[in-house]
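Content type mmCIF, C-alpha atoms, from the file final-v5.cif:
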```cif
data_model
loop_
_atom_site.group_PDB
_atom_site.id
_atom_site.type_symbol
_atom_site.label_atom_id
_atom_site.label_comp_id
_atom_site.auth_asym_id
_atom_site.auth_seq_id
_atom_site.Cartn_x
_atom_site.Cartn_y
_atom_site.Cartn_z
ATOM 1 C CA MET A 1 5.296 43.280 -60.576
ATOM 2 C CA LYS A 2 4.352 39.785 -61.728
ATOM 3 C CA TRP A 3 4.959 37.141 -59.075
ATOM 4 C CA GLY A 4 5.480 33.406 -59.358
ATOM 5 C CA ILE A 5 4.722 31.195 -56.356
ATOM 6 C CA MET A 6 7.094 28.277 -55.961
ATOM 7 C CA SER A 7 5.104 25.427 -54.360
ATOM 8 C CA ALA A 8 1.657 24.880 -52.876
ATOM 9 C CA ALA A 9 2.777 25.440 -49.285
ATOM 10 C CA ASN A 10 0.081 26.360 -46.768
ATOM 11 C CA ILE A 11 1.761 29.650 -45.907
ATOM 12 C CA ALA A 12 1.489 30.699 -49.539
ATOM 13 C CA LYS A 13 -2.226 29.892 -49.623
ATOM 14 C CA LYS A 14 -3.118 31.324 -46.229
ATOM 15 C CA ALA A 15 -0.908 34.404 -46.132
ATOM 16 C CA LEU A 16 1.284 35.416 -49.043
ATOM 17 C CA ILE A 17 -1.032 34.993 -52.034
ATOM 18 C CA PRO A 18 -3.936 36.889 -50.395
ATOM 19 C CA ALA A 19 -1.516 39.619 -49.269
ATOM 20 C CA LEU A 20 -0.058 40.036 -52.752
ATOM 21 C CA GLN A 21 -3.531 40.207 -54.239
ATOM 22 C CA ARG A 22 -4.355 43.075 -51.882
ATOM 23 C CA THR A 23 -1.169 44.931 -52.840
ATOM 24 C CA GLU A 24 -1.217 47.667 -55.441
ATOM 25 C CA GLY A 25 1.262 47.010 -58.235
ATOM 26 C CA ALA A 26 1.560 43.276 -57.532
ATOM 27 C CA GLU A 27 0.044 40.438 -59.552
ATOM 28 C CA VAL A 28 0.145 36.747 -58.672
ATOM 29 C CA TYR A 29 0.823 35.672 -62.227
ATOM 30 C CA ALA A 30 1.948 32.031 -61.934
ATOM 31 C CA ILE A 31 2.242 29.138 -59.540
ATOM 32 C CA ALA A 32 4.396 26.006 -59.798
ATOM 33 C CA SER A 33 4.017 22.874 -57.734
ATOM 34 C CA GLN A 34 5.480 19.401 -57.902
ATOM 35 C CA SER A 35 2.663 17.984 -55.776
ATOM 36 C CA GLY A 36 -0.027 18.336 -58.442
ATOM 37 C CA LYS A 37 -1.950 21.015 -56.521
ATOM 38 C CA GLU A 38 -1.074 23.974 -58.739
ATOM 39 C CA LYS A 39 -4.325 23.984 -60.744
ATOM 40 C CA GLU A 40 -6.480 23.708 -57.630
ATOM 41 C CA ILE A 41 -4.772 26.717 -56.056
ATOM 42 C CA ALA A 42 -4.813 28.648 -59.332
ATOM 43 C CA ASP A 43 -8.566 28.138 -59.574
ATOM 44 C CA GLN A 44 -9.042 29.188 -55.949
ATOM 45 C CA PHE A 45 -7.124 32.462 -56.345
ATOM 46 C CA GLY A 46 -7.583 33.220 -60.035
ATOM 47 C CA ILE A 47 -3.912 32.702 -60.942
ATOM 48 C CA PRO A 48 -3.648 32.610 -64.751
ATOM 49 C CA ILE A 49 -0.548 30.434 -65.295
ATOM 50 C CA THR A 50 0.313 27.061 -63.747
ATOM 51 C CA TYR A 51 3.362 24.806 -63.961
ATOM 52 C CA ASN A 52 4.207 21.372 -62.654
ATOM 53 C CA SER A 53 7.928 22.203 -62.473
ATOM 54 C CA TYR A 54 9.795 25.063 -60.863
ATOM 55 C CA GLU A 55 12.245 25.322 -63.754
ATOM 56 C CA ALA A 56 9.452 25.946 -66.242
ATOM 57 C CA MET A 57 8.127 28.857 -64.213
ATOM 58 C CA LEU A 58 11.606 30.350 -63.862
ATOM 59 C CA ASN A 59 11.994 30.164 -67.641
ATOM 60 C CA ASN A 60 8.951 32.398 -68.165
ATOM 61 C CA PRO A 61 10.283 35.911 -68.859
ATOM 62 C CA GLU A 62 6.981 37.449 -67.696
ATOM 63 C CA VAL A 63 7.646 36.320 -64.120
ATOM 64 C CA GLU A 64 9.604 39.105 -62.417
ATOM 65 C CA ALA A 65 9.794 37.878 -58.830
ATOM 66 C CA VAL A 66 9.305 34.583 -57.017
ATOM 67 C CA TYR A 67 8.216 33.577 -53.544
ATOM 68 C CA ILE A 68 10.015 30.498 -52.199
ATOM 69 C CA PRO A 69 8.210 28.762 -49.298
ATOM 70 C CA LEU A 70 9.969 25.440 -49.914
ATOM 71 C CA PRO A 71 11.413 23.293 -47.095
ATOM 72 C CA ASN A 72 14.448 24.869 -45.462
ATOM 73 C CA HIS A 73 17.025 22.588 -47.060
ATOM 74 C CA LEU A 74 15.894 23.651 -50.560
ATOM 75 C CA HIS A 75 16.175 27.411 -50.084
ATOM 76 C CA LYS A 76 19.760 27.675 -51.302
ATOM 77 C CA GLU A 77 19.255 25.622 -54.470
ATOM 78 C CA TRP A 78 16.150 27.442 -55.664
ATOM 79 C CA THR A 79 17.265 30.899 -54.606
ATOM 80 C CA LYS A 80 20.375 30.482 -56.747
ATOM 81 C CA LYS A 81 18.376 29.124 -59.693
ATOM 82 C CA ALA A 82 15.855 31.954 -59.418
ATOM 83 C CA ALA A 83 18.631 34.551 -59.274
ATOM 84 C CA GLN A 84 20.340 33.027 -62.293
ATOM 85 C CA ALA A 85 17.013 33.308 -64.119
ATOM 86 C CA GLY A 86 16.904 37.018 -63.277
ATOM 87 C CA LYS A 87 14.059 36.861 -60.750
ATOM 88 C CA HIS A 88 13.830 38.919 -57.572
ATOM 89 C CA ILE A 89 13.363 36.664 -54.559
ATOM 90 C CA LEU A 90 11.266 36.571 -51.406
ATOM 91 C CA CYS A 91 12.447 33.466 -49.546
ATOM 92 C CA GLU A 92 10.903 32.016 -46.425
ATOM 93 C CA LYS A 93 12.936 31.995 -43.250
ATOM 94 C CA PRO A 94 15.438 30.711 -42.436
ATOM 95 C CA ALA A 95 17.240 31.845 -45.581
ATOM 96 C CA ALA A 96 19.505 28.785 -45.421
ATOM 97 C CA LEU A 97 21.017 26.349 -42.949
ATOM 98 C CA THR A 98 24.625 27.578 -42.844
ATOM 99 C CA GLN A 99 26.367 30.924 -43.013
ATOM 100 C CA ALA A 100 28.355 29.705 -46.014
ATOM 101 C CA ASP A 101 25.147 28.881 -47.892
ATOM 102 C CA VAL A 102 23.673 32.323 -47.179
ATOM 103 C CA SER A 103 26.866 34.003 -48.405
ATOM 104 C CA ASP A 104 26.725 31.922 -51.584
ATOM 105 C CA MET A 105 23.070 32.869 -52.153
ATOM 106 C CA ILE A 106 23.688 36.588 -51.625
ATOM 107 C CA GLU A 107 26.726 36.548 -53.891
ATOM 108 C CA THR A 108 24.663 34.870 -56.629
ATOM 109 C CA CYS A 109 21.879 37.436 -56.251
ATOM 110 C CA ASN A 110 24.350 40.319 -56.384
ATOM 111 C CA ARG A 111 26.079 38.894 -59.429
ATOM 112 C CA ASN A 112 22.754 38.621 -61.254
ATOM 113 C CA GLY A 113 21.447 42.012 -60.161
ATOM 114 C CA VAL A 114 18.365 40.782 -58.283
ATOM 115 C CA TYR A 115 16.958 41.601 -54.866
ATOM 116 C CA PHE A 116 16.762 39.000 -52.091
ATOM 117 C CA LEU A 117 14.600 39.304 -48.981
ATOM 118 C CA GLU A 118 14.148 36.793 -46.174
ATOM 119 C CA ALA A 119 10.436 36.610 -45.370
ATOM 120 C CA PHE A 120 10.264 37.807 -41.767
ATOM 121 C CA MET A 121 6.810 39.334 -42.021
ATOM 122 C CA TYR A 122 6.671 40.501 -38.412
ATOM 123 C CA GLN A 123 9.236 43.293 -38.956
ATOM 124 C CA PHE A 124 6.818 45.401 -41.016
ATOM 125 C CA HIS A 125 4.362 45.752 -38.137
ATOM 126 C CA PRO A 126 4.587 49.364 -36.866
ATOM 127 C CA GLN A 127 5.140 48.325 -33.260
ATOM 128 C CA HIS A 128 8.794 47.495 -34.019
ATOM 129 C CA GLN A 129 9.518 50.905 -35.492
ATOM 130 C CA LYS A 130 7.943 52.339 -32.350
ATOM 131 C CA VAL A 131 10.400 50.340 -30.262
ATOM 132 C CA LYS A 132 13.322 51.556 -32.370
ATOM 133 C CA ASP A 133 12.130 55.131 -31.910
ATOM 134 C CA LEU A 134 11.889 54.655 -28.145
ATOM 135 C CA ILE A 135 15.408 53.234 -28.025
ATOM 136 C CA SER A 136 16.942 55.956 -30.186
ATOM 137 C CA GLY A 137 15.061 58.602 -28.218
ATOM 138 C CA GLY A 138 16.617 57.414 -24.975
ATOM 139 C CA ALA A 139 13.356 56.290 -23.361
ATOM 140 C CA VAL A 140 15.024 53.401 -21.536
ATOM 141 C CA GLY A 141 18.600 54.629 -21.520
ATOM 142 C CA GLU A 142 21.527 52.630 -22.843
ATOM 143 C CA VAL A 143 20.361 49.144 -23.854
ATOM 144 C CA SER A 144 22.527 46.319 -22.569
ATOM 145 C CA LEU A 145 20.172 43.332 -22.777
ATOM 146 C CA ILE A 146 17.453 42.027 -25.100
ATOM 147 C CA ARG A 147 15.480 38.874 -24.270
ATOM 148 C CA THR A 148 13.313 37.123 -26.857
ATOM 149 C CA SER A 149 10.956 34.148 -26.539
ATOM 150 C CA PHE A 150 8.998 32.235 -29.176
ATOM 151 C CA SER A 151 7.432 28.890 -28.373
ATOM 152 C CA PHE A 152 4.395 26.727 -28.958
ATOM 153 C CA ASN A 153 3.381 23.156 -28.334
ATOM 154 C CA PHE A 154 2.057 20.749 -30.950
ATOM 155 C CA SER A 155 1.100 17.097 -31.255
ATOM 156 C CA ARG A 156 3.618 14.538 -32.450
ATOM 157 C CA ASP A 157 0.874 12.202 -33.680
ATOM 158 C CA ASN A 158 1.298 13.074 -37.364
ATOM 159 C CA TYR A 159 4.228 13.987 -39.590
ATOM 160 C CA ASN A 160 5.377 17.557 -39.140
ATOM 161 C CA ILE A 161 8.141 19.019 -41.283
ATOM 162 C CA ARG A 162 9.334 21.020 -38.265
ATOM 163 C CA LEU A 163 10.599 17.722 -36.827
ATOM 164 C CA ASP A 164 12.287 16.485 -40.015
ATOM 165 C CA ALA A 165 16.044 16.737 -39.498
ATOM 166 C CA ALA A 166 16.788 16.044 -43.168
ATOM 167 C CA LYS A 167 14.766 19.101 -44.207
ATOM 168 C CA GLY A 168 16.188 21.591 -41.730
ATOM 169 C CA GLY A 169 13.775 21.024 -38.878
ATOM 170 C CA GLY A 170 14.140 22.167 -35.299
ATOM 171 C CA ALA A 171 12.934 24.946 -33.016
ATOM 172 C CA MET A 172 15.819 27.334 -33.653
ATOM 173 C CA TRP A 173 15.348 27.255 -37.429
ATOM 174 C CA ASP A 174 11.572 27.498 -37.140
ATOM 175 C CA VAL A 175 10.996 30.113 -34.421
ATOM 176 C CA GLY A 176 14.285 30.930 -32.718
ATOM 177 C CA CYS A 177 15.374 32.741 -35.857
ATOM 178 C CA TYR A 178 12.686 35.359 -35.162
ATOM 179 C CA GLY A 179 14.345 36.277 -31.877
ATOM 180 C CA VAL A 180 17.761 36.617 -33.470
ATOM 181 C CA HIS A 181 16.394 38.660 -36.359
ATOM 182 C CA SER A 182 14.327 40.993 -34.179
ATOM 183 C CA ALA A 183 17.191 41.801 -31.817
ATOM 184 C CA LEU A 184 19.593 42.538 -34.666
ATOM 185 C CA HIS A 185 16.876 44.571 -36.409
ATOM 186 C CA LEU A 186 16.519 46.726 -33.299
ATOM 187 C CA MET A 187 20.208 47.185 -32.539
ATOM 188 C CA ASN A 188 21.830 47.220 -36.004
ATOM 189 C CA GLU A 189 25.097 45.867 -34.594
ATOM 190 C CA LYS A 190 27.335 42.957 -35.567
ATOM 191 C CA VAL A 191 27.437 39.671 -33.653
ATOM 192 C CA MET A 192 30.832 38.962 -32.120
ATOM 193 C CA ARG A 193 30.164 35.748 -30.198
ATOM 194 C CA VAL A 194 27.441 33.087 -29.904
ATOM 195 C CA THR A 195 26.907 30.420 -27.258
ATOM 196 C CA GLY A 196 23.947 28.099 -26.911
ATOM 197 C CA ALA A 197 22.346 24.947 -25.612
ATOM 198 C CA ALA A 198 19.584 22.680 -26.863
ATOM 199 C CA ASN A 199 17.433 19.714 -25.965
ATOM 200 C CA ILE A 200 17.646 17.293 -28.893
ATOM 201 C CA ASP A 201 14.706 14.953 -29.346
ATOM 202 C CA PRO A 202 16.071 11.388 -29.304
ATOM 203 C CA ASP A 203 13.631 10.204 -31.966
ATOM 204 C CA TYR A 204 13.540 13.145 -34.371
ATOM 205 C CA LYS A 205 17.155 14.303 -33.897
ATOM 206 C CA VAL A 206 16.193 17.986 -33.923
ATOM 207 C CA ASP A 207 16.220 20.606 -31.189
ATOM 208 C CA THR A 208 12.828 20.984 -29.570
ATOM 209 C CA THR A 209 13.898 23.538 -26.964
ATOM 210 C CA SER A 210 16.907 25.810 -27.477
ATOM 211 C CA SER A 211 18.542 28.896 -26.066
ATOM 212 C CA ALA A 212 21.318 31.099 -27.366
ATOM 213 C CA THR A 213 23.244 34.104 -26.150
ATOM 214 C CA LEU A 214 24.660 36.527 -28.701
ATOM 215 C CA THR A 215 27.203 39.192 -27.779
ATOM 216 C CA LEU A 216 27.137 42.243 -30.041
ATOM 217 C CA ASN A 217 30.136 44.385 -30.847
ATOM 218 C CA ASN A 218 28.821 47.160 -28.586
ATOM 219 C CA GLY A 219 28.588 44.724 -25.648
ATOM 220 C CA THR A 220 24.806 44.231 -25.740
ATOM 221 C CA LEU A 221 23.714 40.707 -24.831
ATOM 222 C CA ILE A 222 20.907 39.015 -26.760
ATOM 223 C CA GLN A 223 19.193 36.057 -25.083
ATOM 224 C CA VAL A 224 17.027 33.935 -27.372
ATOM 225 C CA ASP A 225 14.852 31.014 -26.293
ATOM 226 C CA CYS A 226 12.528 28.922 -28.440
ATOM 227 C CA SER A 227 10.626 25.681 -28.129
ATOM 228 C CA PHE A 228 8.176 23.177 -29.559
ATOM 229 C CA ASP A 229 7.474 21.880 -26.024
ATOM 230 C CA LEU A 230 6.503 24.997 -24.067
ATOM 231 C CA ALA A 231 3.375 27.123 -23.761
ATOM 232 C CA SER A 232 2.710 29.673 -26.486
ATOM 233 C CA ARG A 233 4.837 32.819 -26.209
ATOM 234 C CA ASN A 234 6.052 35.356 -28.788
ATOM 235 C CA THR A 235 7.545 38.292 -26.958
ATOM 236 C CA TYR A 236 10.683 40.324 -26.572
ATOM 237 C CA GLU A 237 12.026 42.635 -23.895
ATOM 238 C CA VAL A 238 14.518 45.467 -24.282
ATOM 239 C CA VAL A 239 16.296 46.291 -21.027
ATOM 240 C CA GLY A 240 18.022 49.627 -20.616
ATOM 241 C CA ALA A 241 19.645 51.557 -17.796
ATOM 242 C CA LYS A 242 16.467 53.567 -17.121
ATOM 243 C CA GLY A 243 13.618 51.295 -18.164
ATOM 244 C CA ILE A 244 12.292 48.256 -19.972
ATOM 245 C CA ILE A 245 10.305 47.884 -23.193
ATOM 246 C CA THR A 246 8.181 44.728 -23.420
ATOM 247 C CA VAL A 247 6.486 43.758 -26.677
ATOM 248 C CA HIS A 248 3.735 41.153 -26.508
ATOM 249 C CA ASP A 249 2.600 39.371 -29.670
ATOM 250 C CA ALA A 250 5.876 40.481 -31.204
ATOM 251 C CA TYR A 251 6.058 37.927 -33.981
ATOM 252 C CA ARG A 252 2.396 37.026 -34.488
ATOM 253 C CA PRO A 253 0.361 40.163 -33.759
ATOM 254 C CA ASP A 254 -2.411 38.632 -35.870
ATOM 255 C CA LYS A 255 -2.738 35.935 -33.198
ATOM 256 C CA LYS A 256 -2.898 38.316 -30.239
ATOM 257 C CA LYS A 257 -4.910 37.237 -27.225
ATOM 258 C CA SER A 258 -8.427 38.649 -27.087
ATOM 259 C CA SER A 259 -7.951 39.945 -23.573
ATOM 260 C CA ARG A 260 -5.032 40.772 -21.292
ATOM 261 C CA ASP A 261 -4.406 41.588 -17.690
ATOM 262 C CA ASN A 262 -4.409 45.379 -17.816
ATOM 263 C CA HIS A 263 -3.233 46.180 -14.297
ATOM 264 C CA SER A 264 0.271 47.181 -15.404
ATOM 265 C CA GLY A 265 -0.725 49.965 -17.756
ATOM 266 C CA GLU A 266 -0.801 48.003 -20.997
ATOM 267 C CA ARG A 267 -3.130 49.261 -23.701
ATOM 268 C CA LYS A 268 -5.026 46.812 -25.866
ATOM 269 C CA GLY A 269 -5.418 47.496 -29.560
ATOM 270 C CA ASN A 270 -5.177 46.079 -33.066
ATOM 271 C CA SER A 271 -1.605 47.245 -33.527
ATOM 272 C CA GLY A 272 -0.063 45.025 -30.864
ATOM 273 C CA ILE A 273 0.839 45.740 -27.265
ATOM 274 C CA CYS A 274 4.030 47.295 -25.969
ATOM 275 C CA ARG A 275 4.767 48.225 -22.390
ATOM 276 C CA VAL A 276 7.496 50.645 -21.408
ATOM 277 C CA ARG A 277 8.334 51.001 -17.754
ATOM 278 C CA GLY A 278 11.040 52.819 -15.881
ATOM 279 C CA SER A 279 11.868 56.336 -14.748
ATOM 280 C CA ILE A 280 13.112 59.179 -16.903
ATOM 281 C CA GLN A 281 13.017 61.924 -14.271
ATOM 282 C CA PRO A 282 13.280 61.595 -10.498
ATOM 283 C CA SER A 283 9.680 62.794 -10.174
ATOM 284 C CA ASP A 284 8.357 60.102 -12.525
ATOM 285 C CA LYS A 285 7.485 56.801 -10.874
ATOM 286 C CA ASN A 286 6.551 54.994 -14.070
ATOM 287 C CA PHE A 287 5.982 55.711 -17.688
ATOM 288 C CA TYR A 288 4.161 53.600 -20.237
ATOM 289 C CA GLY A 289 4.211 53.670 -24.015
ATOM 290 C CA SER A 290 2.028 51.711 -26.355
ATOM 291 C CA CYS A 291 3.056 50.356 -29.725
#
```
Representation of the structure as structure tokens:
Amino acid sequence: MKWGIMSAANIAKKALIPALQRTEGAEVYAIASQSGKEKEIADQFGIPITYNSYEAMLNNPEVEAVYIPLPNHLHKEWTKKAAQAGKHILCEKPAALTQADVSDMIETCNRNGVYFLEAFMYQFHPQHQKVKDLISGGAVGEVSLIRTSFSFNFSRDNYNIRLDAAKGGGAMWDVGCYGVHSALHLMNEKVMRVTGAANIDPDYKVDTTSSATLTLNNGTLIQVDCSFDLASRNTYEVVGAKGIITVHDAYRPDKKKSSRDNHSGERKGNSGICRVRGSIQPSDKNFYGSC
């Protein structure tokens, strides 16, 4: 499949382009940028076709799919234009900024017969399938609570798009969405109710620390917290009647800590770290599983 990259975003250069070039059956065929960096990136990665407008790349019939790492507020516009041009779409998270916009995007993709995928890369790490298997196998009993945390702290000295309210900035859009997505990915249930709270930065007018509670149709509670002001965390915990599954480095396993306190039975490895604790039989004091 021939891919077109829509913009010169850092995530495209550092992650997506190298990944596509390692993937059998995929070719990074074109890149478009309105910042004037398209030729520099094309030279760096050996991309044969460059454009200085997104429309021109979409008009190329050789381009079969596009990656959209544009600022959040532009996802809807360019997803719809790409779909109308007959391109399959990998769009960075969050897909859009309102439920109505997402519905409009999906309807446009369906009408034009193209696939749409929101780019939550973490979900393809095998540790999450391991967690799903543990849940479905009854390892922790009936699940009634999932807690997720994703936070990091960064300097406010220079411009950061994460703090730009006009472009869809804020902690929930940037990292809180991982917690929501992961919990729904694990449970495969519909959300019936959402409540939340946030600290809004008085200067930037975006949430810098937020929490939300989602109630699923089966009664499971999902608690999501995220922040630009707290220490680095990217974990989730699945709490059942008989035990608890804890996944460290849930959303950035590539950034896992080089060493961990191993007193609780955790196992270190390249595939991430998962701890399962609880009791399945009266004779079992603890059990541990590793993802």
Exercise. Measure the distance from CA of Thr235 in chain A to CA of Glu189 in chain A in Å and round it to one decimal.
Key: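 It comes out at 20.6 Å.
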Exercise. Please provide the set of residues having any atom within 12 Å of Asn60 in chain A, restricted to all atoms listed in the file, with same-chain residues fewer than 2 positions apart removed, written as a ChimeraX atom specification.
Key: /A:2-4,29-32,49-51,53-58,62-66,82,85-87
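Of the listed residues (A:Asn158, A:Gln44, A:Asn153, A:Gln223), A:Gln223 comes nearest to His181 in chain A; the distances count all atoms listed in the file.
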Practice problem: Neighbourhood query: residues within 10 Å of (26.5, 30.1, -20.7), file coordinates, counting only C-alpha atoms; return as a PyMOL selection string. | Solution: chain A and resi 194-197+211-213
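Coordinates place CA of Ile41 in chain A at a distance of 27.7 Å from CA of His125 in chain A.
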Starting from 4 Å padding per side, set up an axis-aligned box that covers all listed atoms of range 81-92 of chain A and hand over centre and edge lengths in Å, one decimal, as JSON.
```
{"center_x": 15.6, "center_y": 34.0, "center_z": -55.3, "size_x": 17.4, "size_y": 17.8, "size_z": 25.7}
```
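The closest residue to Ala8 in chain A, picked from A:Pro126, A:Pro48, A:Pro71, A:Pro61 and counting only C-alpha atoms, is A:Pro71.
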Quiz item: Nearest to Lys256 in chain A: which of A:Ala198, A:Asn234, A:Asp225, A:Asn110 is it, counting only C-alpha atoms?
Solution: A:Asn234
Quiz item: Which residue, A:Val238, A:Leu117, A:Ile17, A:Ala9, has the smallest gap to Val131 in chain A when you use all atoms listed in the file?
Solution: A:Val238
Quiz item: Selected by the PyMOL selection byres ((chain A and resi 146-151) around 7) in the shown coordinates: which residues, as a ChimeraX atom specification?
Solution: /A:145,152,175-176,179,183,221-228,230-239
Quiz item: So what does the PyMOL selection byres ((chain A and resi 78) around 12) actually pick up in this one, as a PyMOL selection string?
Solution: chain A and resi 6-7+53-55+57-58+66-77+79-85+87-92+95-96+101+105+108-109
